[in-house]
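Here's upload_10.txt, which has compact mmCIF, C-alpha atoms:
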# COMPACT_ATOMS: atom_id res chain seq x y z
CA MET A 1 140.98 127.60 136.10
CA ASN A 2 140.12 124.05 135.14
CA ASN A 3 142.43 121.22 136.15
CA LYS A 4 142.61 119.62 132.71
CA THR A 5 145.82 119.40 130.73
CA THR A 6 146.22 121.49 127.60
CA THR A 7 146.56 118.31 125.54
CA ASP A 8 142.91 117.44 126.26
CA ASN A 9 141.35 120.01 123.96
CA ASN A 10 137.89 118.42 124.12
CA TRP A 11 137.73 117.94 127.89
CA LEU A 12 134.35 119.69 128.10
CA GLN A 13 132.75 116.76 126.26
CA SER A 14 133.05 114.68 129.43
CA TYR A 15 130.50 116.97 131.12
CA ALA A 16 127.80 116.50 128.48
CA TYR A 17 124.32 115.51 129.61
CA ASN A 18 120.75 116.25 128.56
CA LYS A 19 117.81 117.35 130.62
CA THR A 20 116.03 119.22 127.85
CA SER A 21 118.92 119.84 125.43
CA GLN A 22 119.48 117.54 122.44
CA HIS A 23 123.17 116.64 122.31
CA GLY A 24 124.65 117.15 125.77
CA GLU A 25 124.51 120.94 125.76
CA ASP A 26 122.95 121.16 129.25
CA GLY A 27 126.02 119.69 130.92
CA ILE A 28 128.60 121.46 128.77
CA ILE A 29 126.95 124.85 129.24
CA GLU A 30 126.79 124.33 133.00
CA LYS A 31 130.53 123.62 133.11
CA VAL A 32 131.43 126.48 130.76
CA LEU A 33 129.59 128.99 132.94
CA GLU A 34 131.24 127.54 136.04
CA VAL A 35 134.70 128.01 134.51
CA ILE A 36 133.89 131.55 133.37
CA GLY A 37 132.63 132.51 136.84
CA ASP A 38 131.33 136.00 137.63
CA ASN A 39 127.84 134.88 136.54
CA ASP A 40 125.00 137.40 136.45
CA LYS A 41 122.47 134.58 135.96
CA TRP A 42 120.79 135.91 132.82
CA CYS A 43 120.25 133.97 129.58
CA VAL A 44 118.54 134.43 126.20
CA GLU A 45 117.04 131.85 123.85
CA PHE A 46 114.88 131.87 120.68
CA GLY A 47 112.79 130.35 119.07
CA SER A 48 111.86 128.99 122.42
CA TRP A 49 108.76 127.00 121.44
CA ASP A 50 107.34 125.88 124.81
CA GLY A 51 110.55 126.84 126.65
CA LYS A 52 111.40 123.22 127.34
CA ARG A 53 111.54 121.15 124.16
CA ALA A 54 115.16 121.01 122.85
CA SER A 55 115.95 123.96 125.12
CA ASN A 56 119.48 124.99 126.12
CA THR A 57 118.22 127.32 128.87
CA TYR A 58 115.40 125.45 130.66
CA THR A 59 117.80 123.76 133.09
CA LEU A 60 119.47 127.10 133.93
CA ILE A 61 116.07 128.65 134.65
CA THR A 62 114.63 125.80 136.72
CA ASP A 63 117.73 124.36 138.42
CA LYS A 64 120.08 127.35 138.60
CA TYR A 65 117.39 130.01 139.13
CA TYR A 66 118.40 132.07 136.12
CA SER A 67 116.51 135.06 134.80
CA ALA A 68 115.79 134.76 131.10
CA VAL A 69 114.53 136.45 127.96
CA LEU A 70 112.72 133.80 125.90
CA ILE A 71 111.51 134.77 122.43
CA GLU A 72 109.08 132.83 120.25
CA ALA A 73 107.72 134.08 116.91
CA SER A 74 104.78 131.65 116.61
CA SER A 75 101.64 132.83 118.41
CA LYS A 76 100.52 129.25 119.02
CA ARG A 77 103.87 128.12 120.44
CA PHE A 78 104.07 131.30 122.50
CA GLN A 79 100.95 130.18 124.37
CA ASP A 80 102.78 126.94 125.25
CA LEU A 81 105.77 128.98 126.41
CA LYS A 82 103.59 131.05 128.73
CA LYS A 83 102.14 127.88 130.25
CA THR A 84 105.63 126.52 130.98
CA PHE A 85 106.77 129.58 132.91
CA GLU A 86 103.46 130.87 134.22
CA GLY A 87 104.04 132.63 137.54
CA ASN A 88 107.84 132.88 137.08
CA ASN A 89 108.51 136.61 137.22
CA LYS A 90 112.19 136.08 136.38
CA VAL A 91 111.34 135.05 132.83
CA VAL A 92 110.61 137.71 130.23
CA MET A 93 108.60 136.13 127.41
CA LEU A 94 108.29 137.88 124.05
CA ASN A 95 106.12 136.87 121.10
CA GLN A 96 108.43 138.33 118.49
CA PHE A 97 110.45 137.48 115.38
CA VAL A 98 114.23 137.87 115.66
CA GLY A 99 115.89 139.00 112.46
CA PHE A 100 119.04 140.76 111.30
CA GLY A 101 117.65 144.07 110.08
CA ASP A 102 117.85 147.45 111.77
CA ASP A 103 114.41 147.11 113.36
CA ASP A 104 114.18 143.41 114.25
CA ASN A 105 117.70 142.43 115.37
CA LEU A 106 118.37 141.08 118.86
CA ASP A 107 119.93 144.32 120.06
CA LYS A 108 116.68 146.18 119.38
CA ILE A 109 114.59 143.53 121.10
CA LEU A 110 116.76 143.26 124.22
CA GLU A 111 116.80 147.04 124.69
CA LYS A 112 113.24 146.73 125.95
CA THR A 113 114.20 144.25 128.69
CA PRO A 114 116.17 144.57 131.95
CA ILE A 115 118.90 142.15 130.82
CA PRO A 116 122.51 143.38 131.28
CA GLN A 117 124.71 143.85 128.19
CA ASN A 118 127.21 141.18 129.26
CA PHE A 119 124.72 138.48 130.21
CA ASP A 120 125.85 134.87 130.71
CA LEU A 121 124.39 132.87 127.82
CA LEU A 122 122.94 133.39 124.36
CA SER A 123 121.46 130.39 122.51
CA ILE A 124 120.60 130.74 118.81
CA ASP A 125 118.93 127.83 117.00
CA VAL A 126 116.69 128.92 114.13
CA ASP A 127 117.62 126.35 111.43
CA GLY A 128 118.90 128.84 108.89
CA ASN A 129 119.85 132.45 109.54
CA ASP A 130 121.77 131.76 112.77
CA TYR A 131 124.96 133.27 111.27
CA HIS A 132 123.27 136.48 110.13
CA ILE A 133 121.34 136.93 113.37
CA TRP A 134 124.50 136.62 115.48
CA HIS A 135 126.43 138.87 113.11
CA ALA A 136 123.82 141.59 113.73
CA VAL A 137 124.30 141.45 117.53
CA ARG A 138 126.71 144.29 118.36
CA LYS A 139 125.49 146.10 121.47
CA TYR A 140 125.06 143.02 123.68
CA ARG A 141 128.00 140.75 124.45
CA PRO A 142 127.12 137.45 126.14
CA LYS A 143 129.92 135.64 127.95
CA CYS A 144 128.98 132.38 126.20
CA ALA A 145 127.18 131.86 122.90
CA VAL A 146 125.69 128.58 121.67
CA ILE A 147 125.05 128.78 117.92
CA GLU A 148 123.66 126.14 115.58
CA PHE A 149 125.61 125.10 112.48
CA ASN A 150 124.76 122.69 109.65
CA PRO A 151 126.41 119.36 110.59
CA THR A 152 126.23 117.98 107.03
CA ILE A 153 128.88 120.47 105.82
CA PRO A 154 132.47 119.17 106.09
CA LYS A 155 134.85 120.92 108.49
CA GLU A 156 137.03 122.26 105.65
CA VAL A 157 134.15 123.99 103.85
CA GLU A 158 133.08 127.61 104.16
CA PHE A 159 129.37 128.10 103.56
CA VAL A 160 126.82 130.69 104.68
CA GLN A 161 123.26 130.69 103.35
CA GLY A 162 121.88 133.83 101.77
CA LYS A 163 120.44 136.59 103.95
CA ASP A 164 116.88 135.46 103.37
CA HIS A 165 114.18 134.48 105.86
CA ALA A 166 112.64 132.17 103.25
CA ILE A 167 115.81 130.01 103.19
CA THR A 168 116.65 127.37 105.80
CA GLN A 169 120.09 126.06 104.86
CA GLY A 170 122.33 127.17 107.72
CA CYS A 171 126.07 127.66 107.75
CA SER A 172 129.23 125.62 108.15
CA LEU A 173 131.11 125.39 111.45
CA LEU A 174 134.20 126.86 109.78
CA SER A 175 132.34 129.98 108.60
CA LEU A 176 130.63 130.37 111.96
CA THR A 177 133.95 130.11 113.81
CA LYS A 178 135.50 132.76 111.55
CA LEU A 179 132.58 135.04 112.41
CA ALA A 180 133.05 134.26 116.11
CA ARG A 181 136.71 135.28 115.99
CA SER A 182 135.85 138.50 114.18
CA LYS A 183 133.50 139.26 117.09
CA GLY A 184 136.13 138.39 119.72
CA TYR A 185 134.94 134.88 120.63
CA GLU A 186 136.76 131.54 120.78
CA LEU A 187 135.46 128.00 120.26
CA VAL A 188 135.57 125.82 123.41
CA ALA A 189 133.27 122.90 122.52
CA THR A 190 131.02 121.43 119.86
CA THR A 191 128.11 119.00 119.91
CA LYS A 192 126.47 117.26 116.95
CA GLY A 193 125.04 120.55 115.65
CA ASN A 194 125.95 123.36 118.07
CA ALA A 195 129.13 125.35 118.51
CA ILE A 196 129.89 126.78 121.96
CA TYR A 197 131.95 129.97 122.09
CA VAL A 198 133.20 132.17 124.92
CA ASP A 199 134.33 135.77 125.01
CA LYS A 200 138.07 135.57 124.31
CA LYS A 201 138.90 137.22 127.64
CA TYR A 202 137.76 133.98 129.33
CA PHE A 203 139.36 131.57 126.86
CA ASP A 204 142.62 131.01 128.77
CA LYS A 205 140.61 129.66 131.71
CA PHE A 206 139.76 126.57 129.66
CA GLY A 207 143.33 125.39 129.08
CA ILE A 208 142.65 124.53 125.42
CA ALA A 209 145.85 124.47 123.37
CA ASP A 210 144.25 123.92 119.95
CA ASN A 211 140.67 125.04 119.34
CA SER A 212 140.70 124.72 115.57
CA VAL A 213 137.58 123.35 113.92
CA ALA A 214 139.52 120.27 112.79
CA VAL A 215 140.36 119.38 116.41
CA MET A 216 137.22 120.50 118.23
CA TRP A 217 134.52 118.97 116.01
CA THR A 218 134.66 115.25 116.69
CA ASP A 219 131.10 114.09 115.88
CA GLN A 220 130.83 114.27 112.09
CA SER A 221 128.37 111.40 111.73
CA PHE A 222 126.10 113.40 109.38
CA ILE A 223 128.78 113.98 106.73
CA THR A 224 128.26 112.57 103.24
CA TYR A 225 131.18 112.22 100.83
CA ILE A 226 130.98 112.47 97.05
CA PHE A 227 133.94 111.45 94.89
CA CYS A 228 134.61 110.10 91.43
CA GLY A 229 136.61 107.27 89.92
CA PHE A 230 139.28 107.73 87.26
CA ASP A 231 136.60 106.77 84.77
CA GLY A 232 134.29 109.61 85.86
CA LYS A 233 131.74 107.52 87.76
CA ILE A 234 130.47 109.30 90.90
CA PHE A 235 130.29 107.54 94.28
CA ILE A 236 128.48 108.45 97.52
CA ARG A 237 129.75 107.29 100.90
CA GLY A 238 129.28 108.26 104.54
CA TYR A 239 125.90 109.18 106.04
CA GLY A 240 124.29 109.19 102.61
CA LYS A 241 120.99 110.92 103.33
CA SER A 242 119.42 114.11 104.64
CA PRO A 243 119.33 113.97 108.48
CA TRP A 244 116.07 115.94 108.51
CA HIS A 245 114.16 114.48 105.56
CA LEU A 246 115.75 111.01 105.78
CA PHE A 247 115.69 110.42 102.03
CA PRO A 248 118.75 108.57 100.68
CA PHE A 249 121.13 110.09 98.14
CA LYS A 250 121.30 107.73 95.16
CA GLU A 251 124.44 107.40 93.08
CA SER A 252 122.30 106.72 90.03
CA LYS A 253 120.78 110.20 90.34
CA VAL A 254 124.07 112.13 90.43
CA GLN A 255 125.96 110.57 87.51
CA MET A 256 126.97 113.46 85.25
CA LEU A 257 128.56 111.44 82.47
CA PRO A 258 126.54 109.35 80.00
CA LYS A 259 127.36 105.65 80.11
CA TRP A 260 129.37 105.75 76.87
CA ALA A 261 131.72 108.32 78.46
CA VAL A 262 132.45 106.39 81.68
CA LYS A 263 135.95 105.23 80.75
CA ARG A 264 139.48 105.65 82.04
CA VAL A 265 140.84 108.99 80.81
CA GLY A 266 143.38 107.34 78.50
CA ASP A 267 140.79 105.06 76.88
CA LYS A 268 139.54 107.52 74.28
CA ASN A 269 139.07 106.83 70.62
CA PHE A 270 138.43 109.50 68.01
CA ILE A 271 134.64 109.23 68.15
CA ARG A 272 134.54 109.32 71.95
CA ARG A 273 136.74 112.44 72.01
CA LYS A 274 134.42 114.22 69.61
CA LEU A 275 131.33 113.16 71.53
CA GLY A 276 132.95 114.21 74.81
CA LYS A 277 133.78 117.66 73.46
CA PHE A 278 130.19 118.13 72.27
CA TYR A 279 128.72 116.86 75.57
CA ARG A 280 130.90 119.21 77.68
CA ARG A 281 129.81 122.17 75.59
CA LEU A 282 126.16 121.12 75.89
CA VAL A 283 126.35 120.80 79.69
CA LYS A 284 128.19 124.13 80.02
CA GLU A 285 125.51 125.94 78.03
CA LYS A 286 122.82 124.58 80.33
Take the structure in this file and express it as structure tokens.
Amino acid sequence: MNNKTTTDNNWLQSYAYNKTSQHGEDGIIEKVLEVIGDNDKWCVEFGSWDGKRASNTYTLITDKYYSAVLIEASSKRFQDLKKTFEGNNKVVMLNQFVGFGDDDNLDKILEKTPIPQNFDLLSIDVDGNDYHIWHAVRKYRPKCAVIEFNPTIPKEVEFVQGKDHAITQGCSLLSLTKLARSKGYELVATTKGNAIYVDKKYFDKFGIADNSVAVMWTDQSFITYIFCGFDGKIFIRGYGKSPWHLFPFKESKVQMLPKWAVKRVGDKNFIRRKLGKFYRRLVKEK
């Protein structure tokens, strides 16, 4: 049992640090596993790249002597992965693609390894189908799961990209957390783009009174807001660009109304009303 008060719902944030993780996950994961206890010292991560870059498991393997299943789909990156853990017989390295179908889901892949069903940590970060891949995991039940979400989607929004390997859009934290609860997991921490869940049987150990998305997600620095004036003009505020492509969103590019129509709702003469009716019909047909 932790010694934090139940009013400090985000107390795990104080343990954040990076060795190879991106946003403090190394420290938070370490503390989460300590609170859970009963560790079997097994973890899973994919796509692992070289096993070190932006990894949530490297520190567990090297500092905590964890056994691991590391999966990388790219043949070239898999060679880098093998170099990182060459000679470490506690690391199972697989050059494989993890999907959500009957033949390529994580359950099928892990069946071929010695990992226990209730292993300590699962880390999923594939920039897209994270939701669908986790949804397909049914046989194995990690004690803690670290899953990537799209940090540009506001906390009130439900969004899940299509089940398509050609799409890389991701999902919202709200949708991911609803999936987690349907699988019997509870949210205990978030970072800039990762949600950290634990099996609900361990949740009481964390002393978190309110683990709603609204309370737990504190770093929303990538959020962009779009709103309109009473006259119909559209405004963009907040982060204002794509975090990955770094191109700015321009207000001039998202104006839906022609200039003649940008007026306060009550300021309509006969001609403007007729033009507005025609324009709405034209846009709807498109």
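Closest approach to Lys200 (chain A) among A:Ala180, A:Leu94, A:Met256, A:Ile28: A:Ala180, based on all atoms listed in the file.
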Calculate how many Å separate CA of Ser242 (chain A) from CA of Tyr131 (chain A), rounding to one decimal. 21.0 Å
To one decimal in Å, tell me the separation between CA of Val35 (chain A) and CA of Ser67 (chain A). 19.5 Å
Show me the residues close to (118.9, 141.6, 131.4) - anything with an atom within 8 Å, counting all atoms listed in the file - and format the list as an MDAnalysis selection string. chainID A and resid 42:43 67:69 110 113:117 119
Which one of A:Lys64, A:Lys233, A:Arg77, A:His132 sits closest to Gln161 (chain A) if you count only C-alpha atoms?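 Answer, going by the shortest atom-to-atom distance: A:His132.
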With only C-alpha atoms as the basis for distance, which of A:Phe203, A:Glu72, A:Phe227, A:Gln79 is at the shortest distance from Gln255 (chain A)? A:Phe227
Taking only C-alpha atoms into account, name the residue in A:Asp103, A:Asp120, A:Asp63, A:Glu148 that is nearest to Ile36 (chain A). A:Asp120
Determine, counting all atoms listed in the file, which protein, DNA and RNA residues have an atom within 8 Å of an atom of Thr59 (chain A); residues of the same chain fewer than 2 positions away are not included. Present the result as a PyMOL selection string. chain A and resi 19-20+26+56-57+61-64
Pick out the closest residue to Gly229 (chain A) from this set: A:Met216, A:Leu257, A:Ala209, A:Val98. Count all atoms listed in the file.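 The shortest atom-to-atom distance to Gly229 (chain A) comes from A:Leu257.
If you look at CA of Phe247 (chain A) and CA of Cys228 (chain A), they are 21.7 Å away from each other.
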Env of Ser75 (chain A): 12 Å cut, atoms = all atoms listed in the file, seq-sep filter 4 positions within chain, self excluded. Answer as a ChimeraX atom specification. /A:47-50,71,79-82,93-97
Which residue, A:Ile234, A:Val32, A:Val215, A:Leu70, has the smallest gap to Ala145 (chain A) when you use all atoms listed in the file? A:Val32
Could you list as a ChimeraX atom specification every residue that has an atom within 6 Å of (123.4, 125.4, 117.8), using the file's coordinates and counting only C-alpha atoms? /A:125,146-149,193-195
Residues near Asn150 (chain A), cut-off 12 Å, only C-alpha atoms, skip fewer than 5 positions along chain, as a PyMOL selection string: chain A and resi 125-131+155+157-161+168-176+191-195+220+222-223+242-244
N, CA and C atoms modelled onto region 49-74 of chain A, as a PDB file, in the frame of the given file:
ATOM      1  N   TRP A  49     109.876 127.932 121.485  1.00  0.00           N
ATOM      2  CA  TRP A  49     108.760 127.000 121.440  1.00  0.00           C
ATOM      3  C   TRP A  49     108.051 127.014 122.791  1.00  0.00           C
ATOM      4  N   ASP A  50     108.017 125.886 123.514  1.00  0.00           N
ATOM      5  CA  ASP A  50     107.340 125.880 124.810  1.00  0.00           C
ATOM      6  C   ASP A  50     108.306 126.155 125.962  1.00  0.00           C
ATOM      7  N   GLY A  51     109.557 126.533 125.616  1.00  0.00           N
ATOM      8  CA  GLY A  51     110.550 126.840 126.650  1.00  0.00           C
ATOM      9  C   GLY A  51     111.252 125.631 127.225  1.00  0.00           C
ATOM     10  N   LYS A  52     110.846 124.454 126.778  1.00  0.00           N
ATOM     11  CA  LYS A  52     111.400 123.220 127.340  1.00  0.00           C
ATOM     12  C   LYS A  52     111.923 122.268 126.271  1.00  0.00           C
ATOM     13  N   ARG A  53     111.160 122.095 125.213  1.00  0.00           N
ATOM     14  CA  ARG A  53     111.540 121.150 124.160  1.00  0.00           C
ATOM     15  C   ARG A  53     112.825 121.596 123.461  1.00  0.00           C
ATOM     16  N   ALA A  54     113.855 120.739 123.482  1.00  0.00           N
ATOM     17  CA  ALA A  54     115.160 121.010 122.850  1.00  0.00           C
ATOM     18  C   ALA A  54     115.765 122.327 123.333  1.00  0.00           C
ATOM     19  N   SER A  55     115.493 122.680 124.575  1.00  0.00           N
ATOM     20  CA  SER A  55     115.950 123.960 125.120  1.00  0.00           C
ATOM     21  C   SER A  55     117.346 123.851 125.736  1.00  0.00           C
ATOM     22  N   ASN A  56     118.159 124.887 125.502  1.00  0.00           N
ATOM     23  CA  ASN A  56     119.480 124.990 126.120  1.00  0.00           C
ATOM     24  C   ASN A  56     119.466 125.873 127.368  1.00  0.00           C
ATOM     25  N   THR A  57     118.294 126.404 127.715  1.00  0.00           N
ATOM     26  CA  THR A  57     118.220 127.320 128.870  1.00  0.00           C
ATOM     27  C   THR A  57     117.268 126.847 129.969  1.00  0.00           C
ATOM     28  N   TYR A  58     116.408 125.885 129.675  1.00  0.00           N
ATOM     29  CA  TYR A  58     115.400 125.450 130.660  1.00  0.00           C
ATOM     30  C   TYR A  58     116.051 125.018 131.978  1.00  0.00           C
ATOM     31  N   THR A  59     117.136 124.255 131.886  1.00  0.00           N
ATOM     32  CA  THR A  59     117.800 123.760 133.090  1.00  0.00           C
ATOM     33  C   THR A  59     118.393 124.916 133.898  1.00  0.00           C
ATOM     34  N   LEU A  60     118.933 125.926 133.218  1.00  0.00           N
ATOM     35  CA  LEU A  60     119.470 127.100 133.930  1.00  0.00           C
ATOM     36  C   LEU A  60     118.356 127.814 134.684  1.00  0.00           C
ATOM     37  N   ILE A  61     117.189 127.924 134.039  1.00  0.00           N
ATOM     38  CA  ILE A  61     116.070 128.650 134.650  1.00  0.00           C
ATOM     39  C   ILE A  61     115.487 127.885 135.841  1.00  0.00           C
ATOM     40  N   THR A  62     115.307 126.585 135.679  1.00  0.00           N
ATOM     41  CA  THR A  62     114.630 125.800 136.720  1.00  0.00           C
ATOM     42  C   THR A  62     115.566 125.297 137.818  1.00  0.00           C
ATOM     43  N   ASP A  63     116.803 124.949 137.440  1.00  0.00           N
ATOM     44  CA  ASP A  63     117.730 124.360 138.420  1.00  0.00           C
ATOM     45  C   ASP A  63     118.732 125.357 138.981  1.00  0.00           C
ATOM     46  N   LYS A  64     119.069 126.366 138.187  1.00  0.00           N
ATOM     47  CA  LYS A  64     120.080 127.350 138.600  1.00  0.00           C
ATOM     48  C   LYS A  64     119.468 128.710 138.899  1.00  0.00           C
ATOM     49  N   TYR A  65     118.143 128.796 138.786  1.00  0.00           N
ATOM     50  CA  TYR A  65     117.390 130.010 139.130  1.00  0.00           C
ATOM     51  C   TYR A  65     117.829 131.222 138.310  1.00  0.00           C
ATOM     52  N   TYR A  66     118.019 130.988 137.032  1.00  0.00           N
ATOM     53  CA  TYR A  66     118.400 132.070 136.120  1.00  0.00           C
ATOM     54  C   TYR A  66     117.194 132.922 135.748  1.00  0.00           C
ATOM     55  N   SER A  67     117.463 134.202 135.491  1.00  0.00           N
ATOM     56  CA  SER A  67     116.510 135.060 134.800  1.00  0.00           C
ATOM     57  C   SER A  67     116.722 134.852 133.315  1.00  0.00           C
ATOM     58  N   ALA A  68     115.674 135.076 132.519  1.00  0.00           N
ATOM     59  CA  ALA A  68     115.790 134.760 131.100  1.00  0.00           C
ATOM     60  C   ALA A  68     114.914 135.671 130.253  1.00  0.00           C
ATOM     61  N   VAL A  69     115.367 135.864 129.014  1.00  0.00           N
ATOM     62  CA  VAL A  69     114.530 136.450 127.960  1.00  0.00           C
ATOM     63  C   VAL A  69     114.313 135.327 126.950  1.00  0.00           C
ATOM     64  N   LEU A  70     113.078 134.883 126.813  1.00  0.00           N
ATOM     65  CA  LEU A  70     112.720 133.800 125.900  1.00  0.00           C
ATOM     66  C   LEU A  70     111.829 134.375 124.809  1.00  0.00           C
ATOM     67  N   ILE A  71     112.204 134.144 123.565  1.00  0.00           N
ATOM     68  CA  ILE A  71     111.510 134.770 122.430  1.00  0.00           C
ATOM     69  C   ILE A  71     110.984 133.688 121.497  1.00  0.00           C
ATOM     70  N   GLU A  72     109.712 133.789 121.157  1.00  0.00           N
ATOM     71  CA  GLU A  72     109.080 132.830 120.250  1.00  0.00           C
ATOM     72  C   GLU A  72     108.214 133.590 119.255  1.00  0.00           C
ATOM     73  N   ALA A  73     108.437 133.344 117.952  1.00  0.00           N
ATOM     74  CA  ALA A  73     107.720 134.080 116.910  1.00  0.00           C
ATOM     75  C   ALA A  73     106.296 133.565 116.698  1.00  0.00           C
ATOM     76  N   SER A  74     106.094 132.250 116.854  1.00  0.00           N
ATOM     77  CA  SER A  74     104.780 131.650 116.610  1.00  0.00           C
ATOM     78  C   SER A  74     103.811 131.983 117.743  1.00  0.00           C
TER      79      SER A  74
END
